[in-house]
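Text of the file query17.txt, holding compact mmCIF, C-alpha atoms:
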# COMPACT_ATOMS: atom_id res chain seq x y z
CA MET A 1 18.41 2.83 -8.22
CA ASP A 2 17.21 -0.67 -9.08
CA LEU A 3 15.20 -1.93 -6.13
CA THR A 4 13.81 -5.02 -7.82
CA GLY A 5 15.82 -7.42 -5.71
CA SER A 6 16.09 -5.34 -2.56
CA ASP A 7 14.85 -6.57 0.80
CA ASP A 8 11.45 -5.40 1.96
CA ALA A 9 12.79 -3.01 4.59
CA THR A 10 14.97 -1.22 2.05
CA LEU A 11 12.11 -1.05 -0.39
CA PHE A 12 9.60 0.39 2.08
CA ALA A 13 12.15 2.88 3.37
CA ALA A 14 12.77 4.07 -0.17
CA VAL A 15 9.03 4.36 -0.80
CA ALA A 16 8.62 6.41 2.36
CA ALA A 17 11.39 8.69 1.17
CA GLY A 18 9.50 9.36 -2.04
CA ASP A 19 11.75 7.33 -4.32
CA ALA A 20 9.94 6.81 -7.65
CA PRO A 21 11.72 3.57 -8.67
CA ALA A 22 10.81 2.13 -5.27
CA VAL A 23 7.14 2.82 -5.95
CA ASN A 24 7.43 0.93 -9.20
CA ALA A 25 9.20 -1.99 -7.50
CA CYS A 26 6.62 -2.02 -4.72
CA VAL A 27 3.74 -2.30 -7.18
CA ALA A 28 5.57 -5.10 -8.99
CA ARG A 29 6.33 -6.99 -5.79
CA PHE A 30 3.05 -6.65 -3.91
CA GLY A 31 0.57 -5.92 -6.67
CA PRO A 32 -0.29 -9.57 -7.31
CA LEU A 33 -1.03 -10.17 -3.61
CA VAL A 34 -3.23 -7.10 -3.31
CA TRP A 35 -5.00 -7.75 -6.58
CA SER A 36 -5.61 -11.41 -5.74
CA LEU A 37 -7.11 -10.54 -2.38
CA ALA A 38 -9.20 -7.76 -3.89
CA ARG A 39 -10.52 -10.08 -6.59
CA ARG A 40 -11.52 -12.64 -3.98
CA TRP A 41 -13.19 -10.16 -1.64
CA CYS A 42 -14.88 -7.89 -4.14
CA PRO A 43 -18.01 -8.67 -6.11
CA ASP A 44 -16.71 -7.51 -9.49
CA PRO A 45 -13.47 -6.45 -11.24
CA SER A 46 -14.36 -2.75 -11.11
CA ASP A 47 -14.83 -2.90 -7.37
CA ALA A 48 -11.57 -4.85 -7.07
CA GLU A 49 -9.73 -2.12 -8.97
CA ASP A 50 -11.11 0.53 -6.63
CA ALA A 51 -10.16 -1.56 -3.63
CA THR A 52 -6.65 -2.11 -4.97
CA GLN A 53 -6.14 1.61 -5.41
CA GLU A 54 -7.40 2.28 -1.89
CA ILE A 55 -5.09 -0.38 -0.47
CA PHE A 56 -2.07 1.03 -2.24
CA PHE A 57 -3.02 4.51 -1.11
CA ASP A 58 -2.89 3.25 2.47
CA LEU A 59 0.35 1.44 1.71
CA TRP A 60 2.05 4.57 0.45
CA ARG A 61 1.08 6.37 3.63
CA SER A 62 2.15 3.49 5.85
CA ALA A 63 5.43 2.45 4.24
CA ALA A 64 7.54 4.20 6.86
CA ARG A 65 5.99 2.05 9.59
CA PHE A 66 7.22 -1.24 8.19
CA ASP A 67 9.30 -3.11 10.73
CA ALA A 68 11.00 -6.25 9.44
CA SER A 69 11.34 -7.58 12.98
CA LYS A 70 7.56 -7.75 13.31
CA ALA A 71 6.29 -8.79 9.90
CA SER A 72 7.26 -9.92 6.45
CA GLY A 73 6.68 -7.51 3.61
CA HIS A 74 3.81 -9.58 2.26
CA GLY A 75 2.33 -9.95 5.74
CA PHE A 76 2.54 -6.19 6.26
CA VAL A 77 0.78 -5.55 2.96
CA ALA A 78 -1.84 -8.21 3.71
CA VAL A 79 -2.71 -6.49 7.00
CA ILE A 80 -3.27 -3.21 5.19
CA ALA A 81 -5.25 -4.96 2.46
CA ARG A 82 -7.46 -6.80 4.93
CA ARG A 83 -8.28 -3.63 6.85
CA ARG A 84 -9.35 -1.86 3.70
CA LEU A 85 -11.26 -4.85 2.36
CA VAL A 86 -13.07 -5.23 5.66
CA ASP A 87 -14.07 -1.58 5.54
CA ARG A 88 -15.40 -2.00 2.04
CA ALA A 89 -17.22 -5.19 2.95
CA ARG A 90 -18.88 -3.44 5.87
CA ARG A 91 -19.91 -0.62 3.59
CA ARG A 92 -21.61 -3.20 1.42
CA GLN A 93 -23.59 -4.30 4.48
CA ARG A 94 -21.61 -7.44 4.83
CA ARG A 95 -20.14 -8.07 8.20
CA PRO A 96 -17.43 -10.70 7.96
CA GLU A 97 -17.25 -12.24 11.38
CA LEU A 98 -13.64 -13.26 11.21
CA VAL A 99 -12.13 -9.98 10.25
CA SER A 100 -12.42 -8.69 13.76
CA TRP A 101 -10.85 -11.49 15.64
CA PRO A 102 -13.23 -13.03 18.17
CA GLU A 103 -13.07 -11.47 21.59
CA GLU A 104 -12.36 -14.81 23.13
CA PHE A 105 -9.38 -15.39 20.86
CA ASP A 106 -6.71 -13.93 23.08
CA VAL A 107 -3.00 -14.37 23.11
CA ALA A 108 -1.66 -15.37 26.48
CA ALA A 109 0.53 -12.68 28.01
CA GLU A 110 4.20 -13.40 27.50
CA GLY A 111 6.25 -10.78 29.20
CA GLU A 112 6.63 -7.27 27.94
CA ALA A 113 5.36 -7.51 24.41
CA PRO A 114 3.76 -10.88 23.81
CA GLY A 115 2.21 -10.04 20.49
CA GLU A 116 5.34 -8.59 18.97
CA ARG A 117 7.47 -11.50 20.06
CA ALA A 118 4.91 -13.99 18.83
CA LEU A 119 4.70 -12.33 15.47
CA ALA A 120 8.44 -12.14 15.07
CA ALA A 121 8.56 -15.89 15.40
CA LEU A 122 5.54 -16.65 13.33
CA ASP A 123 6.19 -19.05 10.52
CA ALA A 124 2.95 -18.90 8.60
CA GLU A 125 3.74 -21.96 6.55
CA GLY A 126 4.46 -23.99 9.66
CA VAL A 127 1.26 -22.87 11.31
CA LEU A 128 -0.84 -23.76 8.30
CA ALA A 129 0.84 -27.12 7.87
CA GLN A 130 -0.25 -28.19 11.31
CA LEU A 131 -3.91 -27.31 10.93
CA THR A 132 -6.41 -30.04 10.14
CA PRO A 133 -7.89 -29.83 6.63
CA PRO A 134 -11.29 -28.56 7.87
CA GLN A 135 -9.63 -25.92 10.06
CA ARG A 136 -7.44 -24.81 7.21
CA ARG A 137 -10.38 -24.69 4.81
CA MET A 138 -12.36 -22.51 7.17
CA LEU A 139 -9.43 -20.15 7.63
CA GLU A 140 -8.94 -19.96 3.89
CA LEU A 141 -12.54 -19.02 3.32
CA ALA A 142 -12.49 -16.47 6.11
CA LEU A 143 -9.05 -14.88 5.69
CA LEU A 144 -8.50 -15.29 1.99
CA ASP A 145 -12.01 -14.91 0.67
CA GLY A 146 -13.56 -12.74 3.38
CA LYS A 147 -16.51 -15.08 3.86
CA THR A 148 -18.85 -14.74 6.79
CA HIS A 149 -19.74 -17.70 8.98
CA GLU A 150 -23.06 -17.96 7.21
CA GLU A 151 -21.46 -17.93 3.79
CA ILE A 152 -18.94 -20.56 4.81
CA ALA A 153 -21.73 -22.71 6.17
CA ARG A 154 -23.66 -22.43 2.91
CA GLU A 155 -20.61 -23.05 0.75
CA THR A 156 -19.43 -26.10 2.64
CA GLY A 157 -22.81 -27.48 3.55
CA THR A 158 -21.82 -27.42 7.18
CA PRO A 159 -24.04 -26.34 10.08
CA ILE A 160 -23.09 -22.86 11.20
CA GLY A 161 -22.33 -24.06 14.71
CA THR A 162 -19.81 -26.49 13.28
CA VAL A 163 -18.29 -23.77 11.12
CA LYS A 164 -17.83 -21.55 14.15
CA SER A 165 -16.28 -24.31 16.18
CA HIS A 166 -13.93 -25.29 13.32
CA ILE A 167 -12.79 -21.72 12.96
CA ARG A 168 -12.48 -21.28 16.67
CA ARG A 169 -10.42 -24.43 16.99
CA GLY A 170 -8.33 -23.47 13.98
CA LEU A 171 -7.53 -20.13 15.53
CA GLU A 172 -6.75 -21.66 18.88
CA ARG A 173 -4.51 -24.16 17.15
CA ALA A 174 -2.73 -21.33 15.39
CA LYS A 175 -2.39 -19.48 18.66
CA ARG A 176 -0.77 -22.46 20.36
CA LEU A 177 1.59 -23.01 17.45
CA VAL A 178 2.60 -19.38 17.44
CA GLY A 179 3.19 -19.55 21.18
CA ALA A 180 5.30 -22.69 20.79
CA GLN A 181 7.39 -21.02 18.11
CA VAL A 182 8.04 -18.13 20.45
CA GLY A 183 9.43 -20.57 22.96
CA GLU A 184 11.60 -22.26 20.38
CA GLY A 185 12.84 -19.39 18.36
CA VAL A 186 12.82 -16.15 20.23
CA ALA A 187 12.84 -16.55 23.99
CA MET B 1 0.35 1.42 24.01
CA THR B 2 -1.78 -0.87 26.13
CA ASP B 3 -1.40 -4.63 26.10
CA ASP B 4 -4.86 -4.92 24.54
CA ILE B 5 -3.90 -2.75 21.58
CA ARG B 6 -0.55 -4.44 21.25
CA GLU B 7 -2.12 -7.87 21.25
CA ARG B 8 -4.77 -6.82 18.79
CA GLU B 9 -2.18 -5.43 16.42
CA ALA B 10 -0.11 -8.58 16.82
CA LEU B 11 -3.15 -10.67 15.95
CA GLU B 12 -3.78 -8.53 12.91
CA ARG B 13 -0.21 -9.07 11.84
CA ALA B 14 -0.55 -12.81 12.43
CA ALA B 15 -3.69 -12.81 10.29
CA GLY B 16 -1.74 -10.90 7.66
CA GLU B 17 1.05 -13.46 7.61
CA LEU B 18 -1.44 -16.32 7.31
CA THR B 19 -3.37 -14.48 4.61
CA ALA B 20 -0.23 -13.79 2.59
CA ARG B 21 0.83 -17.41 2.86
CA LEU B 22 -2.59 -18.72 1.89
CA ALA B 23 -2.68 -16.38 -1.08
CA ARG B 24 0.72 -17.56 -2.23
CA GLU B 25 -0.28 -21.20 -1.97
CA ALA B 26 -3.56 -20.55 -3.78
CA GLY B 27 -1.72 -18.81 -6.64
CA MET B 28 -1.77 -15.09 -7.21
CA GLU B 29 -3.19 -13.27 -10.20
CA PRO B 30 -0.96 -10.83 -12.06
CA LEU B 31 -1.91 -7.21 -11.69
CA PRO B 32 -3.54 -5.82 -14.86
CA SER B 33 -0.97 -3.63 -16.58
CA ALA B 34 -3.25 -0.60 -16.88
CA LEU B 35 -4.04 -0.75 -13.17
CA ALA B 36 -0.36 -1.19 -12.35
CA ALA B 37 0.46 1.93 -14.35
CA ARG B 38 -2.20 3.90 -12.47
CA LEU B 39 -0.90 2.67 -9.13
CA VAL B 40 2.65 3.69 -9.99
CA ALA B 41 1.55 7.13 -11.13
CA GLN B 42 -0.56 7.69 -8.04
CA GLY B 43 2.08 6.24 -5.75
CA THR B 44 4.81 8.42 -7.18
CA ALA B 45 2.70 11.53 -6.66
CA ILE B 46 1.61 10.57 -3.16
CA THR B 47 4.97 9.43 -1.82
CA SER B 48 6.88 12.36 -3.21
CA ALA B 49 4.40 14.71 -1.55
CA ALA B 50 4.30 12.70 1.68
CA ALA B 51 8.03 12.33 2.10
CA PRO B 52 9.29 14.28 5.07
CA ALA B 53 9.74 17.89 4.18
CA ARG B 54 13.33 18.87 3.71
CA VAL B 55 14.21 20.77 6.83
CA VAL B 56 16.89 23.33 6.49
CA THR B 57 18.96 24.66 9.32
CA PRO B 58 20.62 27.82 8.14
CA LEU B 59 23.07 29.33 10.58
CA ARG B 60 21.43 32.55 9.64
CA THR B 61 18.53 33.04 7.34
CA PRO B 62 19.94 34.46 4.15
CA SER B 63 18.27 37.54 2.76
CA PRO B 64 16.75 37.17 -0.69
CA ALA B 65 19.45 39.37 -2.12
CA ARG B 66 22.18 37.27 -0.56
CA ALA B 67 20.52 34.02 -1.49
CA TRP B 68 19.98 34.92 -5.05
CA GLY B 69 23.42 36.53 -5.16
CA LEU B 70 24.82 33.12 -4.25
CA ALA B 71 22.63 31.60 -6.89
CA ALA B 72 23.94 34.07 -9.41
CA LEU B 73 27.50 33.18 -8.47
CA ALA B 74 26.69 29.51 -8.78
CA ALA B 75 25.01 30.12 -12.09
CA ALA B 76 28.01 32.04 -13.31
CA ALA B 77 30.33 29.25 -12.25
CA GLY B 78 28.01 26.77 -13.89
CA PHE B 79 28.07 28.80 -17.06
CA VAL B 80 31.87 28.76 -17.19
CA LEU B 81 31.90 24.99 -16.65
CA ALA B 82 29.16 24.52 -19.16
CA VAL B 83 31.04 26.36 -21.82
CA ALA B 84 34.12 24.34 -21.08
CA LEU B 85 32.60 20.91 -20.66
CA ARG B 86 29.05 20.30 -21.79
CA PRO B 87 25.72 21.87 -22.65
CA ALA B 88 24.43 24.12 -19.88
CA SER B 89 21.97 22.81 -17.28
CA PRO B 90 19.93 24.96 -14.88
CA VAL B 91 21.68 25.69 -11.59
CA GLU B 92 19.33 26.00 -8.62
CA PRO B 93 20.08 27.81 -5.40
CA PRO B 94 20.55 25.55 -2.37
CA ALA B 95 17.44 24.27 -0.58
CA SER B 96 18.01 26.51 2.43
CA ALA B 97 18.13 29.56 0.19
CA ARG B 98 15.00 28.48 -1.68
CA VAL B 99 12.98 27.97 1.48
CA ALA B 100 14.26 31.16 3.03
CA ALA B 101 13.47 33.04 -0.17
CA LEU B 102 9.99 31.51 -0.22
CA ARG B 103 9.43 32.64 3.37
CA ASP B 104 10.60 36.15 2.56
CA SER B 105 8.30 36.34 -0.43
CA LEU B 106 5.35 35.07 1.63
CA LEU B 107 6.01 37.71 4.26
CA ALA B 108 5.30 40.35 1.65
CA ALA B 109 1.65 39.27 1.58
CA ALA B 110 0.98 37.47 4.87
CA ARG B 111 1.60 38.07 8.54
CA PRO B 112 3.59 35.48 10.46
CA LEU B 113 1.77 33.76 13.31
CA ALA B 114 3.85 33.07 16.40
CA TRP B 115 4.03 29.51 17.68
CA GLU B 116 2.81 28.92 21.19
CA ALA B 117 4.56 25.95 22.81
CA THR B 118 2.37 23.54 24.79
CA PRO B 119 3.49 21.92 28.05
CA ASP B 120 4.58 18.83 26.08
CA SER B 121 8.17 17.91 26.96
CA ALA B 122 9.24 18.05 23.30
CA ALA B 123 8.10 21.66 23.06
CA ARG B 124 9.83 23.05 26.13
CA GLY B 125 11.25 26.42 25.14
CA ALA B 126 10.18 26.07 21.50
CA SER B 127 9.30 29.17 19.52
CA GLY B 128 9.11 30.52 16.00
CA ASP B 129 6.31 31.27 13.60
CA VAL B 130 4.42 30.10 10.58
CA VAL B 131 3.60 32.19 7.56
CA TRP B 132 0.84 31.08 5.20
CA ASP B 133 -0.40 32.72 2.05
CA GLY B 134 -3.83 31.40 1.15
CA THR B 135 -3.70 32.88 -2.32
CA ARG B 136 -0.53 31.05 -3.19
CA GLN B 137 -1.45 28.06 -1.01
CA ALA B 138 2.10 28.09 0.29
CA GLY B 139 3.66 28.48 3.68
CA VAL B 140 6.81 28.04 5.71
CA MET B 141 7.27 27.16 9.37
CA ARG B 142 10.17 28.57 11.31
CA ILE B 143 10.83 26.62 14.48
CA ARG B 144 13.45 26.96 17.18
CA GLY B 145 13.96 24.71 20.19
CA LEU B 146 11.66 21.83 19.29
CA ALA B 147 13.16 18.54 20.47
CA PRO B 148 15.01 16.53 17.78
CA ASN B 149 13.07 13.38 16.85
CA ASP B 150 14.05 9.84 15.96
CA ALA B 151 12.23 9.45 12.65
CA ARG B 152 12.12 5.68 13.13
CA ARG B 153 9.89 6.17 16.17
CA LEU B 154 7.97 9.37 15.63
CA GLN B 155 7.69 12.40 13.42
CA TYR B 156 6.15 15.81 13.71
CA GLN B 157 3.07 16.55 11.64
CA LEU B 158 1.47 19.88 10.82
CA TRP B 159 -2.30 20.34 10.76
CA ILE B 160 -4.11 23.33 9.30
CA PHE B 161 -7.57 24.10 10.64
CA ASP B 162 -9.65 25.57 7.86
CA ALA B 163 -12.67 27.69 8.79
CA GLU B 164 -14.37 26.42 5.67
CA ARG B 165 -14.06 22.78 6.71
CA ASP B 166 -15.33 20.66 9.57
CA GLU B 167 -12.96 21.37 12.45
CA ARG B 168 -12.82 17.68 13.23
CA TYR B 169 -10.89 17.16 10.01
CA PRO B 170 -8.00 19.61 9.75
CA VAL B 171 -5.88 19.60 6.62
CA ASP B 172 -2.71 17.53 6.75
CA GLY B 173 0.20 19.95 6.33
CA GLY B 174 2.89 17.30 6.03
CA VAL B 175 5.33 15.48 8.29
CA PHE B 176 8.79 16.69 9.14
CA ASP B 177 11.78 15.98 11.31
CA VAL B 178 13.92 18.10 13.56
CA PRO B 179 17.55 17.05 13.14
CA ALA B 180 19.73 16.11 16.07
CA GLU B 181 21.79 19.26 15.76
CA GLY B 182 18.66 21.29 16.52
CA GLY B 183 18.89 25.01 15.98
CA GLU B 184 16.43 26.90 13.84
CA VAL B 185 14.65 24.93 11.16
CA LEU B 186 12.61 26.13 8.22
CA VAL B 187 9.98 23.71 6.95
CA PRO B 188 7.88 24.30 3.86
CA VAL B 189 4.18 23.60 4.42
CA ARG B 190 2.74 20.84 2.26
CA ALA B 191 -1.02 21.07 2.45
CA ARG B 192 -2.64 17.98 0.95
CA VAL B 193 -5.76 19.80 -0.19
CA PRO B 194 -6.62 23.43 -0.80
CA VAL B 195 -7.02 25.47 2.38
CA GLY B 196 -9.83 28.01 2.31
CA ARG B 197 -9.22 30.12 5.43
CA ALA B 198 -6.54 28.94 7.80
CA VAL B 199 -7.42 29.84 11.37
CA LEU B 200 -5.19 27.57 13.41
CA PHE B 201 -1.96 25.69 12.84
CA ALA B 202 -1.02 22.79 15.10
CA VAL B 203 2.01 20.51 15.21
CA THR B 204 1.47 17.05 16.68
CA VAL B 205 3.73 14.10 17.40
CA GLU B 206 2.75 11.09 15.33
CA PRO B 207 4.02 7.66 14.26
CA PRO B 208 6.56 7.62 11.40
CA GLY B 209 4.93 8.69 8.17
CA GLY B 210 2.22 10.63 9.92
CA VAL B 211 -1.45 9.76 10.21
CA VAL B 212 -4.60 10.48 8.29
CA VAL B 213 -6.53 11.41 11.41
CA SER B 214 -4.61 12.52 14.47
CA ARG B 215 -5.60 11.37 17.94
CA ARG B 216 -4.18 14.70 19.11
CA GLU B 217 -2.53 12.98 22.04
CA ARG B 218 0.63 15.06 21.77
CA ILE B 219 0.21 18.60 20.49
CA VAL B 220 3.48 20.54 20.71
CA LEU B 221 2.92 23.82 18.90
CA LEU B 222 -0.08 26.00 18.16
CA ALA B 223 -0.41 29.20 16.15
CA LYS B 224 -3.74 31.02 15.92
CA ALA B 225 -4.76 33.51 13.30
CA GLY B 226 -6.29 36.76 14.42

Could you render the structure as structure tokens?
Amino acid sequence: MDLTGSDDATLFAAVAAGDAPAVNACVARFGPLVWSLARRWCPDPSDAEDATQEIFFDLWRSAARFDASKASGHGFVAVIARRRLVDRARRRQRRPELVSWPEEFDVAAEGEAPGERALAALDAEGVLAQLTPPQRRMLELALLDGKTHEEIARETGTPIGTVKSHIRRGLERAKRLVGAQVGEGVA
Amino acid sequence: MTDDIREREALERAAGELTARLAREAGMEPLPSALAARLVAQGTAITSAAAPARVVTPLRTPSPARAWGLAALAAAAGFVLAVALRPASPVEPPASARVAALRDSLLAAARPLAWEATPDSAARGASGDVVWDGTRQAGVMRIRGLAPNDARRLQYQLWIFDAERDERYPVDGGVFDVPAEGGEVLVPVRARVPVGRAVLFAVTVEPPGGVVVSRRERIVLLAKAG
């Protein structure tokens, strides 16, 4: 079966069922995302290759859990990739501060399943478009590159307190936008 | 699931969506072809092994003689067709006969261990046994009365406790489903790694696809050796 153009749910279901062409299609579809994140987070290409293999190992085991009502295929893969990359970063004695979302960054309760409803409505592009450039830059460095607060401060020449507040405000901004989208699109 | 866990998972998913979008906007690097080939090879091996075991529900367990007699009939029919139509291809006995035949062959060398149902609601009235041959590293579970599962929500997973390993890390024996029609099911064991000395078999209820490390929150069946 040719799964090249299939939707993500069909593809993950086929992977979970042990379908070999689906595995091939999955690597083709999500490989660039995983590899790009691994290259950004890992110190060298060899480490990035190891990380990519670990991420796909987790992906093969998790494919059956994909739920298109909660996440996009790329978002689902990015969650798995981030978890693995965080683990590897911690093993290297780095402790990215953003990977575990700050305790104070809570989502307001919204009925039975606030998080799931919020995520279902999340338009990542819309959220990013409404961030200020500094907020967006900080999120890029933290989410995309796995930088710690200290590293972001050094790279941007910004006092660490300012970095933290930018990130905090960026996250709060994202939280509000996500909440607003819930009200518009799902409720 | 508590609200805290649900919210945390939702935040992780939100971070995933933002990360994926940022990566797309930043431009993604193509996967090196050699790495892609390795990923496909590994993925094919892992997913084919991790796919839910084919559960068979024979109305009655066929004896080896009957099973292979059927196979012989099928082979004979296949031979006639092959002569008439095209070059011959191997004809395999049906899955139920293969698993039943495997169980019968294992019983020649290993003693079946009876399942003990736990108080879990899914296990009420469940029974059966598991036979495991350490030499062949093969086994078959026979289960009656275990509640049918919705594979979109949960699946059953077998764990094998190996006396030669840390008991905190039992060997994953594979995930499986019990079909809605219930009845007796035969499930081949799919140990992920070699098992030295199996001393306890446990079936747990897990999220779809199974888990790497079980929280052991819902144990439904246990079978102890010795």

Q.
Show me, as a PyMOL selection string, the residues of chain A whose atoms get within 7 Å of chain B, using all atoms listed in the file for the distance check.
A. chain A and resi 15-18+20+23-24+27+31-33+35-36+53+60-62+64-65+71+74-76+78-79+107+115-116+119+124-125+140+143-144

Selected residues, C-alpha atoms, written as an mmCIF file, in the coordinates of the input, please.
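File written: selection01.cif
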data_model
loop_
_atom_site.group_PDB
_atom_site.id
_atom_site.type_symbol
_atom_site.label_atom_id
_atom_site.label_comp_id
_atom_site.auth_asym_id
_atom_site.auth_seq_id
_atom_site.Cartn_x
_atom_site.Cartn_y
_atom_site.Cartn_z
ATOM 1 C CA VAL A 15 9.030 4.360 -0.800
ATOM 2 C CA ALA A 16 8.620 6.410 2.360
ATOM 3 C CA ALA A 17 11.390 8.690 1.170
ATOM 4 C CA GLY A 18 9.500 9.360 -2.040
ATOM 5 C CA ALA A 20 9.940 6.810 -7.650
ATOM 6 C CA VAL A 23 7.140 2.820 -5.950
ATOM 7 C CA ASN A 24 7.430 0.930 -9.200
ATOM 8 C CA VAL A 27 3.740 -2.300 -7.180
ATOM 9 C CA GLY A 31 0.570 -5.920 -6.670
ATOM 10 C CA PRO A 32 -0.290 -9.570 -7.310
ATOM 11 C CA LEU A 33 -1.030 -10.170 -3.610
ATOM 12 C CA TRP A 35 -5.000 -7.750 -6.580
ATOM 13 C CA SER A 36 -5.610 -11.410 -5.740
ATOM 14 C CA GLN A 53 -6.140 1.610 -5.410
ATOM 15 C CA TRP A 60 2.050 4.570 0.450
ATOM 16 C CA ARG A 61 1.080 6.370 3.630
ATOM 17 C CA SER A 62 2.150 3.490 5.850
ATOM 18 C CA ALA A 64 7.540 4.200 6.860
ATOM 19 C CA ARG A 65 5.990 2.050 9.590
ATOM 20 C CA ALA A 71 6.290 -8.790 9.900
ATOM 21 C CA HIS A 74 3.810 -9.580 2.260
ATOM 22 C CA GLY A 75 2.330 -9.950 5.740
ATOM 23 C CA PHE A 76 2.540 -6.190 6.260
ATOM 24 C CA ALA A 78 -1.840 -8.210 3.710
ATOM 25 C CA VAL A 79 -2.710 -6.490 7.000
ATOM 26 C CA VAL A 107 -3.000 -14.370 23.110
ATOM 27 C CA GLY A 115 2.210 -10.040 20.490
ATOM 28 C CA GLU A 116 5.340 -8.590 18.970
ATOM 29 C CA LEU A 119 4.700 -12.330 15.470
ATOM 30 C CA ALA A 124 2.950 -18.900 8.600
ATOM 31 C CA GLU A 125 3.740 -21.960 6.550
ATOM 32 C CA GLU A 140 -8.940 -19.960 3.890
ATOM 33 C CA LEU A 143 -9.050 -14.880 5.690
ATOM 34 C CA LEU A 144 -8.500 -15.290 1.990
#

(Q) Taking 2 positions as the minimum chain separation for residues in the same chain, which residues sit within 12 Å of Leu141 of chain A when counting only C-alpha atoms? Answer as a ChimeraX atom specification. (A) /A:37,40-41,96-99,134-139,143-156,163,166-167 /B:19,22-23,26

Save out the residues we just selected, C-alpha atoms, as a PDB file, keeping the file's coordinate frame.
ATOM      1  CA  LEU A  37      -7.110 -10.540  -2.380  1.00  0.00           C
ATOM      2  CA  ARG A  40     -11.520 -12.640  -3.980  1.00  0.00           C
ATOM      3  CA  TRP A  41     -13.190 -10.160  -1.640  1.00  0.00           C
ATOM      4  CA  PRO A  96     -17.430 -10.700   7.960  1.00  0.00           C
ATOM      5  CA  GLU A  97     -17.250 -12.240  11.380  1.00  0.00           C
ATOM      6  CA  LEU A  98     -13.640 -13.260  11.210  1.00  0.00           C
ATOM      7  CA  VAL A  99     -12.130  -9.980  10.250  1.00  0.00           C
ATOM      8  CA  PRO A 134     -11.290 -28.560   7.870  1.00  0.00           C
ATOM      9  CA  GLN A 135      -9.630 -25.920  10.060  1.00  0.00           C
ATOM     10  CA  ARG A 136      -7.440 -24.810   7.210  1.00  0.00           C
ATOM     11  CA  ARG A 137     -10.380 -24.690   4.810  1.00  0.00           C
ATOM     12  CA  MET A 138     -12.360 -22.510   7.170  1.00  0.00           C
ATOM     13  CA  LEU A 139      -9.430 -20.150   7.630  1.00  0.00           C
ATOM     14  CA  LEU A 143      -9.050 -14.880   5.690  1.00  0.00           C
ATOM     15  CA  LEU A 144      -8.500 -15.290   1.990  1.00  0.00           C
ATOM     16  CA  ASP A 145     -12.010 -14.910   0.670  1.00  0.00           C
ATOM     17  CA  GLY A 146     -13.560 -12.740   3.380  1.00  0.00           C
ATOM     18  CA  LYS A 147     -16.510 -15.080   3.860  1.00  0.00           C
ATOM     19  CA  THR A 148     -18.850 -14.740   6.790  1.00  0.00           C
ATOM     20  CA  HIS A 149     -19.740 -17.700   8.980  1.00  0.00           C
ATOM     21  CA  GLU A 150     -23.060 -17.960   7.210  1.00  0.00           C
ATOM     22  CA  GLU A 151     -21.460 -17.930   3.790  1.00  0.00           C
ATOM     23  CA  ILE A 152     -18.940 -20.560   4.810  1.00  0.00           C
ATOM     24  CA  ALA A 153     -21.730 -22.710   6.170  1.00  0.00           C
ATOM     25  CA  ARG A 154     -23.660 -22.430   2.910  1.00  0.00           C
ATOM     26  CA  GLU A 155     -20.610 -23.050   0.750  1.00  0.00           C
ATOM     27  CA  THR A 156     -19.430 -26.100   2.640  1.00  0.00           C
ATOM     28  CA  VAL A 163     -18.290 -23.770  11.120  1.00  0.00           C
ATOM     29  CA  HIS A 166     -13.930 -25.290  13.320  1.00  0.00           C
ATOM     30  CA  ILE A 167     -12.790 -21.720  12.960  1.00  0.00           C
TER      31      ILE A 167
ATOM     32  CA  THR B  19      -3.370 -14.480   4.610  1.00  0.00           C
ATOM     33  CA  LEU B  22      -2.590 -18.720   1.890  1.00  0.00           C
ATOM     34  CA  ALA B  23      -2.680 -16.380  -1.080  1.00  0.00           C
ATOM     35  CA  ALA B  26      -3.560 -20.550  -3.780  1.00  0.00           C
TER      36      ALA B  26
END

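Atom CA of Pro148 of chain B to atom CA of Asp177 of chain B spans 7.3 Å [interatomic distance, one decimal].
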
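Considering the residues A:Gly161, A:Asp44, A:Arg39, A:Ile80 and counting all atoms listed in the file, Phe56 of chain A has its shortest atom-to-atom contact with A:Ile80.
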
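With only C-alpha atoms as the atoms that count, the residue of B:Ala101, B:Arg144, B:Gly226, B:Gln137 with the shortest distance to Val199 of chain B is B:Gly226.
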
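Picture a line from atom CA of Ile55 of chain A to atom CA of Val203 of chain B; it runs 27.1 Å.
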
Q: Could you tell me how far atom CA of Arg103 of chain B lies from atom CA of Phe161 of chain B, in Å and to one decimal?
A: 20.4 Å

Q | Surrounding residues of Asp150 of chain B excluding itself and chain neighbours under 5 positions, 9 Å, all atoms listed in the file, as a PyMOL selection string | A | chain B and resi 155+177-180

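Checking B:Ala100, B:Ala34, B:Leu222, B:Leu158 one by one against Leu200 of chain B, counting all atoms listed in the file, you find the shortest gap at B:Leu222.
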
Q. Smallest atom-to-atom distance to Ala63 of chain A: which of A:Ala81, A:Ala48, A:Phe12, A:Val86, using only C-alpha atoms?
A. A:Phe12
